[in-house]
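final19.cif (mmCIF, C-alpha atoms and all ligand atoms)
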```cif
data_my_file
#
loop_
_atom_site.label_atom_id
_atom_site.label_comp_id
_atom_site.auth_asym_id
_atom_site.auth_seq_id
_atom_site.Cartn_x
_atom_site.Cartn_y
_atom_site.Cartn_z
CA MET A 1 134.21 82.13 210.29
CA ILE A 2 131.43 82.91 207.82
CA ASN A 3 130.73 80.28 205.20
CA VAL A 4 128.53 80.46 202.14
CA THR A 5 125.85 78.73 204.17
CA ARG A 6 125.25 77.52 207.70
CA THR A 7 123.16 74.43 208.21
CA PHE A 8 119.94 75.25 210.06
CA LEU A 9 119.59 73.08 213.16
CA PRO A 10 116.30 72.94 215.05
CA PRO A 11 116.29 72.94 218.87
CA ILE A 12 117.74 69.53 219.73
CA GLU A 13 114.72 68.58 221.91
CA GLU A 14 112.48 68.92 218.88
CA TYR A 15 114.72 66.64 216.87
CA GLN A 16 114.91 64.23 219.83
CA HIS A 17 111.12 64.20 220.06
CA HIS A 18 110.92 62.73 216.57
CA VAL A 19 113.91 60.41 217.07
CA GLN A 20 112.18 59.10 220.21
CA ARG A 21 109.28 58.04 218.01
CA ALA A 22 111.67 55.89 215.96
CA TRP A 23 112.92 54.35 219.21
CA ASP A 24 109.38 53.71 220.39
CA ASN A 25 108.54 52.08 217.08
CA GLN A 26 111.85 50.18 216.98
CA TRP A 27 111.78 51.10 213.30
CA LEU A 28 114.59 52.90 211.50
CA THR A 29 113.89 52.63 207.80
CA ASN A 30 111.80 51.01 205.04
CA ARG A 31 109.28 53.82 204.91
CA GLY A 32 108.27 53.97 208.54
CA GLU A 33 105.88 56.34 210.25
CA LEU A 34 108.26 59.32 210.16
CA VAL A 35 108.99 59.06 206.44
CA LEU A 36 105.29 58.75 205.66
CA GLU A 37 104.50 61.75 207.85
CA LEU A 38 107.28 63.80 206.27
CA GLU A 39 105.94 63.00 202.81
CA GLU A 40 102.43 64.10 203.84
CA ASN A 41 103.71 67.32 205.40
CA LEU A 42 105.91 68.13 202.42
CA LYS A 43 103.09 67.43 200.00
CA LYS A 44 101.01 70.06 201.78
CA TYR A 45 103.83 72.54 202.30
CA LEU A 46 105.01 72.36 198.70
CA ALA A 47 101.51 71.95 197.22
CA VAL A 48 102.57 69.05 195.00
CA THR A 49 100.52 66.14 193.68
CA ASN A 50 103.05 63.44 194.56
CA ILE A 51 106.33 63.10 196.38
CA ILE A 52 108.75 60.26 197.06
CA VAL A 53 111.48 61.17 199.53
CA THR A 54 114.90 59.64 198.94
CA ASN A 55 118.26 59.15 200.64
CA ASN A 56 119.90 62.02 198.72
CA GLY A 57 119.29 64.35 195.79
CA THR A 58 121.42 62.48 193.27
CA ILE A 59 119.69 59.09 193.32
CA PRO A 60 116.40 60.59 192.00
CA LEU A 61 118.34 62.02 189.06
CA GLN A 62 119.87 58.62 188.37
CA ILE A 63 116.51 56.87 188.67
CA ALA A 64 114.81 59.37 186.36
CA VAL A 65 117.61 59.16 183.80
CA LYS A 66 117.56 55.37 183.93
CA LEU A 67 113.79 55.17 183.49
CA LEU A 68 113.32 57.92 180.91
CA ALA A 69 116.44 58.34 178.81
CA ASN A 70 117.07 54.79 177.68
CA GLY A 71 120.83 55.12 177.23
CA GLY A 72 120.43 57.95 174.73
CA GLU A 73 121.74 61.46 174.40
CA ILE A 74 120.49 63.87 177.02
CA ILE A 75 120.44 67.58 176.39
CA THR A 76 121.69 69.27 179.52
CA THR A 77 123.21 72.38 181.01
CA PRO A 78 126.91 72.96 181.67
CA PHE A 79 126.01 75.31 184.54
CA SER A 80 124.95 73.09 187.43
CA TYR A 81 126.42 71.04 190.21
CA VAL A 82 128.43 68.07 188.94
CA ALA A 83 125.71 65.64 190.12
CA THR A 84 123.53 66.62 187.14
CA THR A 85 126.09 65.54 184.54
CA ALA A 86 127.48 62.70 186.64
CA ALA A 87 124.03 61.10 186.91
CA ILE A 88 123.80 61.08 183.10
CA VAL A 89 127.23 59.53 182.56
CA TRP A 90 126.77 57.11 185.49
CA GLU A 91 123.64 55.77 183.81
CA ASN A 92 125.51 55.27 180.53
CA CYS A 93 123.80 58.10 178.74
CA ILE A 94 125.58 60.85 176.83
CA PRO A 95 125.41 64.45 178.03
CA VAL A 96 124.98 66.91 175.16
CA PHE A 97 125.54 70.40 176.44
CA VAL A 98 123.57 73.45 175.42
CA ASP A 99 124.87 76.82 176.59
CA ILE A 100 123.04 78.93 179.15
CA HIS A 101 121.23 82.24 179.04
CA PRO A 102 123.60 84.96 180.32
CA ASP A 103 120.95 86.62 182.53
CA TYR A 104 118.76 83.75 183.76
CA LEU A 105 121.73 81.31 184.00
CA THR A 106 119.43 78.42 183.04
CA ILE A 107 119.75 76.41 179.82
CA ASP A 108 119.16 78.61 176.75
CA GLU A 109 115.99 77.05 175.38
CA THR A 110 116.48 78.78 172.01
CA LYS A 111 119.57 76.61 171.42
CA ILE A 112 118.03 73.27 172.38
CA GLU A 113 116.53 72.26 169.04
CA ALA A 114 119.86 72.62 167.21
CA ALA A 115 121.35 70.04 169.59
CA ILE A 116 118.67 67.37 169.05
CA THR A 117 119.75 64.28 167.07
CA THR A 118 118.07 60.94 166.34
CA LYS A 119 119.69 59.63 169.53
CA THR A 120 118.28 62.32 171.81
CA THR A 121 115.87 60.88 174.36
CA ALA A 122 115.60 63.50 177.09
CA ILE A 123 116.33 66.97 178.39
CA LEU A 124 117.80 67.31 181.89
CA ALA A 125 117.90 70.94 182.96
CA THR A 126 118.65 72.64 186.27
CA HIS A 127 116.59 75.44 187.83
CA VAL A 128 119.73 77.35 188.80
CA PHE A 129 119.75 79.01 192.25
CA GLY A 130 115.98 78.40 192.39
CA ASN A 131 115.43 80.35 189.15
CA PRO A 132 113.10 78.33 186.89
CA CYS A 133 114.11 77.26 183.39
CA ASN A 134 111.81 78.40 180.62
CA VAL A 135 109.61 75.38 181.32
CA MET A 136 106.86 76.31 178.85
CA VAL A 137 109.16 76.46 175.83
CA ILE A 138 111.07 73.37 176.95
CA GLU A 139 107.81 71.46 177.28
CA ALA A 140 106.78 72.48 173.75
CA ILE A 141 110.15 71.39 172.30
CA ALA A 142 109.96 68.08 174.17
CA LYS A 143 106.45 67.42 172.87
CA LYS A 144 107.42 68.19 169.30
CA HIS A 145 110.46 65.87 169.38
CA HIS A 146 109.03 63.20 171.71
CA LEU A 147 111.58 63.81 174.44
CA LYS A 148 111.27 63.33 178.19
CA VAL A 149 111.97 66.23 180.53
CA ILE A 150 113.73 65.93 183.86
CA TYR A 151 114.38 68.93 186.08
CA ASP A 152 117.12 69.07 188.66
CA GLY A 153 115.31 71.17 191.25
CA ALA A 154 117.91 70.71 193.99
CA HIS A 155 117.81 74.47 194.67
CA CYS A 156 114.06 74.84 194.38
CA PHE A 157 112.52 73.93 197.70
CA GLY A 158 109.34 76.02 197.98
CA VAL A 159 109.71 77.80 194.61
CA GLN A 160 106.46 78.54 192.81
CA TYR A 161 106.31 79.34 189.13
CA ASN A 162 103.21 80.61 187.35
CA GLY A 163 101.14 79.95 190.43
CA LYS A 164 102.20 76.37 191.11
CA SER A 165 105.10 74.45 192.55
CA ILE A 166 108.10 74.30 190.22
CA PHE A 167 108.19 70.56 191.00
CA GLU A 168 104.95 70.14 189.05
CA TYR A 169 106.77 70.77 185.75
CA GLY A 170 108.53 68.19 183.59
CA ASP A 171 108.05 64.42 183.55
CA VAL A 172 110.12 64.16 186.71
CA SER A 173 111.49 66.84 189.02
CA THR A 174 113.97 66.25 191.81
CA CYS A 175 115.09 68.06 194.94
CA SER A 176 118.01 67.76 197.35
CA PHE A 177 117.70 67.89 201.12
CA HIS A 178 121.46 67.95 201.68
CA ALA A 179 122.66 69.78 204.80
CA THR A 180 123.78 72.76 202.70
CA LYS A 181 120.37 73.21 201.12
CA LEU A 182 117.49 75.47 202.16
CA PHE A 183 115.48 72.64 203.74
CA HIS A 184 117.45 69.57 204.74
CA THR A 185 117.44 66.13 206.32
CA GLY A 186 121.23 65.91 206.68
CA GLU A 187 121.41 63.90 203.49
CA GLY A 188 118.19 63.45 201.56
CA GLY A 189 116.12 64.38 198.58
CA ALA A 190 112.89 63.82 196.73
CA MET A 191 111.39 63.10 193.34
CA PHE A 192 108.13 64.34 191.89
CA THR A 193 105.89 63.41 188.96
CA ASN A 194 102.27 63.92 187.97
CA ASP A 195 102.12 60.77 185.89
CA LYS A 196 100.53 57.84 187.75
CA ASP A 197 102.45 55.09 185.93
CA LEU A 198 105.71 56.93 186.24
CA GLN A 199 105.01 57.51 189.92
CA GLN A 200 104.74 53.76 190.40
CA GLN A 201 107.94 53.13 188.45
CA LEU A 202 109.84 55.75 190.43
CA PHE A 203 108.48 54.25 193.62
CA TYR A 204 109.52 50.67 192.98
CA SER A 205 112.84 51.79 191.47
CA HIS A 206 113.82 53.44 194.76
CA ASN A 207 112.94 50.28 196.71
CA PHE A 208 114.91 47.52 194.90
CA GLY A 209 112.04 47.01 192.44
CA HIS A 210 109.91 45.33 195.11
CA ASN A 211 106.27 44.48 194.54
CA GLY A 212 105.59 43.20 198.04
CA PRO A 213 108.20 41.25 200.01
CA LEU A 214 108.51 38.33 197.60
CA ALA A 215 107.95 39.76 194.15
CA PHE A 216 109.43 42.37 191.87
CA TYR A 217 108.05 44.81 189.33
CA GLY A 218 111.47 45.29 187.81
CA LEU A 219 114.98 46.53 188.39
CA GLY A 220 115.51 48.80 191.36
CA ILE A 221 118.10 50.32 193.64
CA ASN A 222 118.10 51.50 197.24
CA GLY A 223 117.01 55.14 197.31
CA LYS A 224 115.02 55.03 200.54
CA MET A 225 115.13 57.77 203.15
CA SER A 226 115.62 56.55 206.72
CA GLU A 227 113.53 57.45 209.78
CA LEU A 228 116.50 59.34 211.24
CA GLN A 229 116.66 61.56 208.18
CA ALA A 230 112.90 62.08 208.28
CA ALA A 231 113.13 63.08 211.97
CA MET A 232 115.37 66.00 211.00
CA GLY A 233 112.99 67.05 208.25
CA LEU A 234 109.98 66.92 210.58
CA ALA A 235 111.82 69.06 213.12
CA ILE A 236 112.89 71.66 210.53
CA LEU A 237 109.72 72.03 208.47
CA PRO A 238 107.90 74.17 211.13
CA TYR A 239 110.79 76.68 210.89
CA MET A 240 110.55 77.29 207.14
CA GLU A 241 108.68 80.58 207.50
CA THR A 242 111.34 81.91 209.89
CA ILE A 243 114.15 80.63 207.68
CA LEU A 244 112.67 82.31 204.60
CA THR A 245 112.02 85.62 206.38
CA GLU A 246 115.61 85.75 207.59
CA ARG A 247 117.05 84.85 204.20
CA LYS A 248 114.87 87.45 202.55
CA LYS A 249 116.40 90.09 204.83
CA VAL A 250 119.93 89.04 203.84
CA VAL A 251 119.04 89.20 200.15
CA ALA A 252 117.47 92.64 200.65
CA TYR A 253 120.67 93.84 202.32
CA TYR A 254 122.87 92.67 199.45
CA THR A 255 120.49 94.05 196.87
CA THR A 256 120.37 97.53 198.37
CA HIS A 257 123.98 97.87 199.56
CA LEU A 258 126.16 96.20 196.92
CA ASN A 259 127.46 98.47 194.20
CA PHE A 260 126.23 96.83 191.02
CA SER A 261 128.18 99.02 188.61
CA LYS A 262 130.89 96.34 188.16
CA ILE A 263 129.02 93.20 189.16
CA LYS A 264 125.65 91.72 188.37
CA THR A 265 123.45 88.98 189.71
CA PHE A 266 120.99 86.72 187.88
CA LYS A 267 117.64 87.79 186.53
CA LEU A 268 114.67 86.09 188.15
CA ARG A 269 112.17 84.74 185.66
CA ASP A 270 108.81 86.59 185.73
CA THR A 271 106.00 85.10 187.83
CA THR A 272 108.46 83.26 190.05
CA GLN A 273 107.94 83.13 193.78
CA TRP A 274 111.60 82.66 194.72
CA ASN A 275 113.07 80.96 197.80
CA TYR A 276 116.15 83.14 198.52
CA SER A 277 118.36 80.11 198.15
CA TYR A 278 121.57 81.64 196.78
CA PHE A 279 123.01 85.08 196.17
CA PRO A 280 125.45 84.87 193.27
CA ILE A 281 127.44 87.87 192.11
CA ILE A 282 129.03 87.82 188.69
CA PHE A 283 132.23 89.79 188.20
CA GLU A 284 133.47 91.22 184.91
CA THR A 285 136.65 89.14 185.11
CA GLU A 286 137.99 86.15 187.02
CA GLU A 287 140.90 88.32 188.23
CA GLN A 288 138.43 90.61 190.00
CA LEU A 289 136.73 87.60 191.56
CA LEU A 290 140.02 86.15 192.81
CA ARG A 291 141.12 89.49 194.22
CA VAL A 292 137.87 90.01 196.14
CA GLU A 293 137.72 86.37 197.27
CA LYS A 294 141.24 86.64 198.69
CA VAL A 295 140.38 89.67 200.81
CA LEU A 296 137.16 88.04 202.00
CA ASN A 297 139.12 84.88 202.95
CA VAL A 298 141.64 86.96 204.93
CA ASN A 299 138.63 88.26 206.87
CA LYS A 300 137.46 84.67 207.47
CA ILE A 301 134.60 84.98 204.99
CA PHE A 302 134.28 82.02 202.65
CA PRO A 303 131.91 82.47 199.73
CA ARG A 304 131.76 79.59 197.21
CA ARG A 305 132.39 79.46 193.50
CA TYR A 306 129.05 77.92 192.50
CA PHE A 307 129.23 76.57 189.86
CA TYR A 308 132.81 76.07 188.88
CA PRO A 309 134.10 74.64 186.61
CA SER A 310 131.67 74.63 183.71
CA LEU A 311 130.64 70.97 183.42
CA ASN A 312 131.53 70.67 179.72
CA THR A 313 135.19 71.08 180.73
CA ILE A 314 135.24 68.06 183.06
CA GLU A 315 137.42 65.31 181.59
CA TYR A 316 134.76 62.58 181.34
CA THR A 317 132.21 64.74 179.54
CA CYS A 318 134.27 65.62 176.42
CA GLY A 319 132.04 68.63 176.00
CA LYS A 320 132.11 71.22 173.28
CA VAL A 321 133.09 74.78 174.12
CA MET A 322 130.28 76.63 175.93
CA PRO A 323 131.37 80.28 175.88
CA ILE A 324 128.68 81.74 178.12
CA ALA A 325 128.71 79.04 180.77
CA GLU A 326 132.51 78.95 180.87
CA ASN A 327 132.68 82.71 181.22
CA ILE A 328 130.05 82.88 183.96
CA SER A 329 131.48 79.89 185.83
CA SER A 330 134.84 81.62 186.06
CA CYS A 331 133.31 84.89 187.29
CA VAL A 332 130.55 83.84 189.70
CA LEU A 333 130.75 83.83 193.47
CA CYS A 334 127.90 82.89 195.83
CA LEU A 335 127.85 85.13 198.89
CA PRO A 336 127.08 83.93 202.43
CA LEU A 337 123.33 83.55 202.82
CA TYR A 338 121.61 81.87 205.74
CA ALA A 339 119.20 82.44 208.60
CA GLY A 340 121.10 84.05 211.45
CA LEU A 341 123.72 85.87 209.34
CA LEU A 342 124.30 89.10 211.28
CA GLU A 343 123.97 92.58 209.80
CA LEU A 344 127.42 93.36 211.16
CA ASN A 345 128.84 90.58 209.02
CA LEU A 346 126.81 91.69 206.01
CA GLU A 347 128.26 95.19 206.42
CA LEU A 348 131.78 93.77 206.35
CA ILE A 349 131.12 91.57 203.31
CA VAL A 350 129.53 94.38 201.34
CA SER A 351 132.17 96.95 202.28
CA ILE A 352 134.99 94.63 201.16
CA ILE A 353 133.33 93.89 197.84
CA ASN A 354 132.46 97.53 197.12
CA LYS A 355 135.93 98.72 198.11
CA TYR A 356 137.92 96.20 196.09
CA LEU A 357 135.90 96.71 192.96
CA LYS A 358 136.80 100.37 192.71
C1 LIG A 401 123.08 69.60 195.84
C2 LIG A 401 122.82 69.38 194.40
C3 LIG A 401 122.63 68.09 193.87
C4 LIG A 401 122.93 66.85 194.64
O1 LIG A 401 122.19 66.65 195.74
P1 LIG A 401 122.69 65.65 196.88
O2 LIG A 401 121.55 65.64 197.83
O3 LIG A 401 123.93 66.25 197.48
O4 LIG A 401 122.95 64.33 196.28
C5 LIG A 401 122.26 67.97 192.55
N1 LIG A 401 122.09 69.04 191.77
C6 LIG A 401 122.28 70.30 192.22
C7 LIG A 401 122.05 71.45 191.30
C8 LIG A 401 122.68 70.50 193.55
O5 LIG A 401 122.91 71.74 193.99
#
```
In structure tokens, write the structure found in this file.
Ligand SMILES: *Cc1c(COP(=O)(O)O)cnc(C)c1O
Amino acid sequence: MINVTRTFLPPIEEYQHHVQRAWDNQWLTNRGELVLELEENLKKYLAVTNIIVTNNGTIPLQIAVKLLANGGEIITTPFSYVATTAAIVWENCIPVFVDIHPDYLTIDETKIEAAITTKTTAILATHVFGNPCNVMVIEAIAKKHHLKVIYDGAHCFGVQYNGKSIFEYGDVSTCSFHATKLFHTGEGGAMFTNDKDLQQQLFYSHNFGHNGPLAFYGLGINGKMSELQAAMGLAILPYMETILTERKKVVAYYTTHLNFSKIKTFKLRDTTQWNYSYFPIIFETEEQLLRVEKVLNVNKIFPRRYFYPSLNTIEYTCGKVMPIAENISSCVLCLPLYAGLLELNLELIVSIINKYLK
């Protein structure tokens, strides 16, 4: 069976080596030695100013929305994983959708200003499939209208844009270290900011609001990563170069062998150093997608319809019609992409797609 992704697992002895340290310390959470070491290693690897690792990739979105959006309207994208919109609604804010760019698949920054009202407090946009939003224009709009910017960078581990980490953009950026993601800790995530005060607020918010054992800065929740999660991260981080090289090969195979006369993929924004996180193909119609998906499934190949459905169509969002996002959501299929995917399997995938599109 070939799935859209296969979780990378390090040699078990290397994982056990780090788990043993937790045993030796008799310390399983509350920012122990392994979490601190993972944060240091990630800071270097990603070349970011600050990082706070968390127990998943959704809690940093919720914390950022809570701290920055103040119960207001948040301009957001309909083309993302449901966690992006759910975090907004969960924190009693109102998602206001702005359609996406048909080539980049990120929020269409030229349509943002028309959606701003007196209640707008923030923009929450997703760097889709590791492809950066137009962060420069979004920053200018936010400045002009005094809005906060949060980026869902769940897909962006290791992505550089304009010569620096994509996580350095926006007031807060987040990442997910879920088992299906490029780098993972089983469940896990991180949040990033360059603002010192905000860094402190994010920090105490993810630790019940604590200021020392007996005092509190303010309201908080439990967003802490455990030592067991950090052990996985520490064991995987040394393999990132290998993982990226292998994924790059898979992407190169798809790019050279797929017949792009009836399908397309997304356009990578200029000056992006991409991470080969996803390989979406966009069909002309949903019927074509369903036909190809069916044949792939018969051959035990299971791509995923990322992202479907368009988030403005989910019942609790009451969104307006978003023609581009709805169209792309119904026609996009992410192909299997992971380290260790064999050329023989790639040949089969590509031949099925090329054949059934004729
Ligand atoms: C995976 C993902 C999330 C959620 O991350 P979790 O770690 O599963 O909570 C949020 N946004 C996007 C775009 C994702 O792909």
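In this model, the gap between atom CA of A:Glu187 and atom CA of A:Gly233 comes to 10.2 Å.
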Using 9 Å as the limit and counting all atoms listed in the file, can you tabulate each residue of chain A that touches ligand LIG 401 (chain A), with its shortest atom-to-atom distance in Å and the two atoms involved, as CSV?
```
residue,atom,partner,partner_atom,distance
A:Asn55,CA,A:LIG401,O2,7.8
A:Asn56,CA,A:LIG401,O2,4.1
A:Gly57,CA,A:LIG401,O2,3.3
A:Thr58,CA,A:LIG401,O4,3.9
A:Ile59,CA,A:LIG401,O4,6.8
A:Pro60,CA,A:LIG401,O4,8.7
A:Leu61,CA,A:LIG401,C5,7.9
A:Phe79,CA,A:LIG401,C7,8.7
A:Ser80,CA,A:LIG401,C7,5.1
A:Tyr81,CA,A:LIG401,C7,4.5
A:Val82,CA,A:LIG401,N1,7.0
A:Ala83,CA,A:LIG401,C5,4.8
A:Thr84,CA,A:LIG401,N1,5.4
A:Thr85,CA,A:LIG401,N1,9.0
A:Thr126,CA,A:LIG401,C7,6.2
A:His127,CA,A:LIG401,C7,7.6
A:Val128,CA,A:LIG401,C7,6.8
A:Phe129,CA,A:LIG401,C7,8.0
A:Asp152,CA,A:LIG401,N1,5.9
A:Gly153,CA,A:LIG401,C7,6.7
A:Ala154,CA,A:LIG401,C6,4.7
A:His155,CA,A:LIG401,O5,5.8
A:Thr174,CA,A:LIG401,C5,8.5
A:Cys175,CA,A:LIG401,O1,7.3
A:Ser176,CA,A:LIG401,O2,4.2
A:Phe177,CA,A:LIG401,O2,5.5
A:His178,CA,A:LIG401,O2,4.5
A:Ala179,CA,A:LIG401,O2,8.2
A:Thr180,CA,A:LIG401,C1,7.6
A:Lys181,CA,A:LIG401,C1,6.9
A:His184,CA,A:LIG401,O2,8.9
A:Gly186,CA,A:LIG401,O2,8.9
A:Glu187,CA,A:LIG401,O2,5.9
A:Gly188,CA,A:LIG401,O2,5.5
A:Gly189,CA,A:LIG401,O2,5.6
A:Ala190,CA,A:LIG401,O2,8.9
A:Tyr306,CA,A:LIG401,O5,8.8
A:Phe307,CA,A:LIG401,C7,8.9
```
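Nearest to A:Tyr204 of all the residues A:Pro10, A:Leu67, A:Thr117, A:Gln16 is A:Leu67, based on all atoms listed in the file.
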List the neighbours of A:Ile123 out to 7 Å using only C-alpha atoms; skip same-chain residues closer than 6 positions along the sequence, and give me the result as a PDB file with C-alpha atoms, in the coordinates of the input.
```pdb
ATOM      1  CA  ILE A  74     120.490  63.870 177.020  1.00  0.00           C
ATOM      2  CA  ILE A  75     120.440  67.580 176.390  1.00  0.00           C
ATOM      3  CA  THR A  76     121.690  69.270 179.520  1.00  0.00           C
ATOM      4  CA  LEU A 147     111.580  63.810 174.440  1.00  0.00           C
ATOM      5  CA  LYS A 148     111.270  63.330 178.190  1.00  0.00           C
ATOM      6  CA  VAL A 149     111.970  66.230 180.530  1.00  0.00           C
ATOM      7  CA  ILE A 150     113.730  65.930 183.860  1.00  0.00           C
TER       8      ILE A 150
END
```
Contact residues around stretch 88-90 of chain A with all atoms listed in the file at 9 Å, ignoring same-chain residues under 2 positions, as a ChimeraX atom specification: /A:61-62,65-66,69,71,73-74,83-86,92-95,124,316-317
Would you put the residues from that selection into a file with C-alpha atoms, as a PDB file, keeping the file's coordinate frame?
```pdb
ATOM      1  CA  LEU A  61     118.340  62.020 189.060  1.00  0.00           C
ATOM      2  CA  GLN A  62     119.870  58.620 188.370  1.00  0.00           C
ATOM      3  CA  VAL A  65     117.610  59.160 183.800  1.00  0.00           C
ATOM      4  CA  LYS A  66     117.560  55.370 183.930  1.00  0.00           C
ATOM      5  CA  ALA A  69     116.440  58.340 178.810  1.00  0.00           C
ATOM      6  CA  GLY A  71     120.830  55.120 177.230  1.00  0.00           C
ATOM      7  CA  GLU A  73     121.740  61.460 174.400  1.00  0.00           C
ATOM      8  CA  ILE A  74     120.490  63.870 177.020  1.00  0.00           C
ATOM      9  CA  ALA A  83     125.710  65.640 190.120  1.00  0.00           C
ATOM     10  CA  THR A  84     123.530  66.620 187.140  1.00  0.00           C
ATOM     11  CA  THR A  85     126.090  65.540 184.540  1.00  0.00           C
ATOM     12  CA  ALA A  86     127.480  62.700 186.640  1.00  0.00           C
ATOM     13  CA  ASN A  92     125.510  55.270 180.530  1.00  0.00           C
ATOM     14  CA  CYS A  93     123.800  58.100 178.740  1.00  0.00           C
ATOM     15  CA  ILE A  94     125.580  60.850 176.830  1.00  0.00           C
ATOM     16  CA  PRO A  95     125.410  64.450 178.030  1.00  0.00           C
ATOM     17  CA  LEU A 124     117.800  67.310 181.890  1.00  0.00           C
ATOM     18  CA  TYR A 316     134.760  62.580 181.340  1.00  0.00           C
ATOM     19  CA  THR A 317     132.210  64.740 179.540  1.00  0.00           C
TER      20      THR A 317
END
```
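Closest to A:Val321 among A:Trp27, A:Phe8, A:Tyr161, A:Phe97 is A:Phe97, based on only C-alpha atoms.
Remark: for A:Gly209, the closest of the candidate residues A:Ile63, A:Asn162, A:Gly340, A:Thr313 is A:Ile63 (distances computed over all atoms listed in the file).
Across the model, the gap from atom CA of A:Ile2 to atom CA of A:Ile301 is 4.7 Å.
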Radius query 12 Å about (126.7, 91.7, 204.6), atoms used: only C-alpha atoms, as an NGL selection string: :A and (2 or 4 or 247 or 249-258 or 279 or 296 or 301 or 303 or 335-338 or 340-354)
Go ahead and dump the residues you just picked, C-alpha atoms, as a short mmCIF file (atom, residue, chain, number, x, y, z; two decimals), in the coordinates of the input.
```
data_model
loop_
_atom_site.label_atom_id
_atom_site.label_comp_id
_atom_site.auth_asym_id
_atom_site.auth_seq_id
_atom_site.Cartn_x
_atom_site.Cartn_y
_atom_site.Cartn_z
CA ILE A 2 131.43 82.91 207.82
CA VAL A 4 128.53 80.46 202.14
CA ARG A 247 117.05 84.85 204.20
CA LYS A 249 116.40 90.09 204.83
CA VAL A 250 119.93 89.04 203.84
CA VAL A 251 119.04 89.20 200.15
CA ALA A 252 117.47 92.64 200.65
CA TYR A 253 120.67 93.84 202.32
CA TYR A 254 122.87 92.67 199.45
CA THR A 255 120.49 94.05 196.87
CA THR A 256 120.37 97.53 198.37
CA HIS A 257 123.98 97.87 199.56
CA LEU A 258 126.16 96.20 196.92
CA PHE A 279 123.01 85.08 196.17
CA LEU A 296 137.16 88.04 202.00
CA ILE A 301 134.60 84.98 204.99
CA PRO A 303 131.91 82.47 199.73
CA LEU A 335 127.85 85.13 198.89
CA PRO A 336 127.08 83.93 202.43
CA LEU A 337 123.33 83.55 202.82
CA TYR A 338 121.61 81.87 205.74
CA GLY A 340 121.10 84.05 211.45
CA LEU A 341 123.72 85.87 209.34
CA LEU A 342 124.30 89.10 211.28
CA GLU A 343 123.97 92.58 209.80
CA LEU A 344 127.42 93.36 211.16
CA ASN A 345 128.84 90.58 209.02
CA LEU A 346 126.81 91.69 206.01
CA GLU A 347 128.26 95.19 206.42
CA LEU A 348 131.78 93.77 206.35
CA ILE A 349 131.12 91.57 203.31
CA VAL A 350 129.53 94.38 201.34
CA SER A 351 132.17 96.95 202.28
CA ILE A 352 134.99 94.63 201.16
CA ILE A 353 133.33 93.89 197.84
CA ASN A 354 132.46 97.53 197.12
#
```
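Using all atoms listed in the file, the smallest distance between any of A:Pro78, A:Pro280, A:Pro323, A:Pro213 and A:Leu311 comes from A:Pro78.
The gap separating atom CA of A:Thr242 from atom CA of A:Leu28 is 29.2 Å, in Å to one decimal.
You can rank A:Asn299, A:Ala325, A:Asp103, A:Ser165 by their closest distance to A:Lys267 using only C-alpha atoms, and at the top of that list sits A:Asp103.
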Who sits within 12 Å of A:Met322, only C-alpha atoms, same chain under 6 positions skipped, as a ChimeraX atom specification: /A:76-79,96-102,107-108,111,309-313,328-329
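Minimum distance to A:Gly223 across A:Ala235, A:Ile263, A:His206, A:Phe183 (counting only C-alpha atoms) occurs at A:His206.
Shell of stretch 40-46 of chain A at 8 Å, with only C-alpha atoms counted and residues fewer than 3 places along the chain excluded, is Leu36, Glu37, Thr49, Asn50, Ile51, Phe157, Gly158 and Ser165 of chain A.
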